[in-house]
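> Dropping a structure here in structure tokens format, bear with me for questions.
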Amino acid sequence: MSASLSSAARPRHGLFPPLTLATLGTAILAGLLADGAWEIWARFVTPYWVGGPLQPAALVQSVFGFSNFALAEAVHLVVGIVFYPLGYLFIARPIADRFLPFLPWPVVALGFGAGLWVFALYVMAHLIAGLPPFLGFIQLTWASLVGHLIFGLVCGAVVRWRSGATG
């Protein structure tokens with residue numbers, strides 16, 4: 001594995017990964033696979049639990065006032081495929097590396113997923129869209145938590161894989 005690919009996922013000489021195409025590739029791949037896992041959970045598994053799929057586009061519509069569902073879906077996909085994985089690489093991992101370096105990568109990844117859940121259902125849904133905090137802790141809330149944990153874990157696993165980590 002090349003040095004740039006290795007350093008793209010886990011910096012060896014600094015807190016942040018280098019701003020390279022390898023880093024962007026790692027982020028996009030992590031986002032595609034994590035978002036794919038999220039979509040499988042949200043659309044195919046969650047309905048058996050809560051009676052219907054998770055529909056993050058509906059939240060995007062509430063937050064931004066979009067009437068176009070396809071546009072809201074596209075916004076959610078871009079955020080999940082590009083911006084959330086960059087957040088893992090440039091925010092979650094550096095914070096964990098700096099302040100909690102003893103945490104194993106799955107704990108960091110699950111913490112990242114939980115943070116995304118708090119961001120979605122408290123910051124976006126409650127503080128911005130005016131819905132009850134965490135949607136009142138209904139079954140959908142917990143299905144969303146599991147989906148975000150899956151997203152974080154897959155994102156972290158892809159970043160770890162791309163880093164060439166063996167331990």
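Chain labels A, B, ... are given in the sequence in which chains occur in the structure tokens; within each chain residues are numbered consecutively from 1, and ligands are likewise numbered from 1 in the order shown.
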So that I can see what lies close to Leu59 (chain A), please list as a list of chain:residue names the residues with an atom at most 8 Å from it, counting only C-alpha atoms and leaving out residues fewer than 6 positions away in the same chain.

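The filter keeps A:Met124, A:Ala125, A:Ala129.
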
> Take the residues just selected and output them with all heavy atoms as a compact mmCIF listing (two decimals), in the first residue's frame.


```
# COMPACT_ATOMS: atom_id res chain seq x y z
N MET A 124 -30.71 19.27 14.26
CA MET A 124 -31.48 19.56 13.05
C MET A 124 -32.99 19.45 13.28
O MET A 124 -33.74 20.36 12.96
CB MET A 124 -31.04 18.63 11.91
CG MET A 124 -29.58 18.78 11.51
SD MET A 124 -29.09 20.46 11.05
CE MET A 124 -29.79 20.57 9.42
N ALA A 125 -33.43 18.31 13.84
CA ALA A 125 -34.87 18.09 13.99
C ALA A 125 -35.49 18.99 15.05
O ALA A 125 -36.57 19.54 14.85
CB ALA A 125 -35.15 16.62 14.32
N ALA A 129 -35.66 22.50 13.06
CA ALA A 129 -36.98 22.23 12.47
C ALA A 129 -38.12 22.37 13.48
O ALA A 129 -39.28 22.40 13.09
CB ALA A 129 -37.01 20.83 11.86
```

> If you run DSSP over the backbone, which residues in chain A end up helix (DSSP H, G or I)? Put them as a PyMOL selection string.

chain A and resi 3-9+21-50+56-64+69-99+105-128+133-136+139-163

> Within 9 Å of Phe90 (chain A), counting only C-alpha atoms, which residues qualify if same-chain residues fewer than 5 places away don't, as a list in words?

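Residues near the query, excluding close chain neighbours: Leu15, Phe16, Pro17, Pro85 and Ile95 of chain A.
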
> Which is closest to Val159 (chain A) among A:Phe83, A:Ala37, A:Gly113, A:Thr23, if we use only C-alpha atoms?

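Going through A:Phe83, A:Ala37, A:Gly113, A:Thr23 one by one, the smallest distance to Val159 (chain A) is for A:Thr23.
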
> Can you work out which one of A:Pro94, A:Pro104, A:Pro56, A:Gly80 has the shortest atom-to-atom distance to Arg43 (chain A), counting only C-alpha atoms?

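Of all the options, A:Pro56 lies closest to Arg43 (chain A).
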
> How many Å separate CA of Cys155 (chain A) from CA of Leu33 (chain A)?

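For CA of Cys155 (chain A) relative to CA of Leu33 (chain A), the distance reads 7.3 Å.
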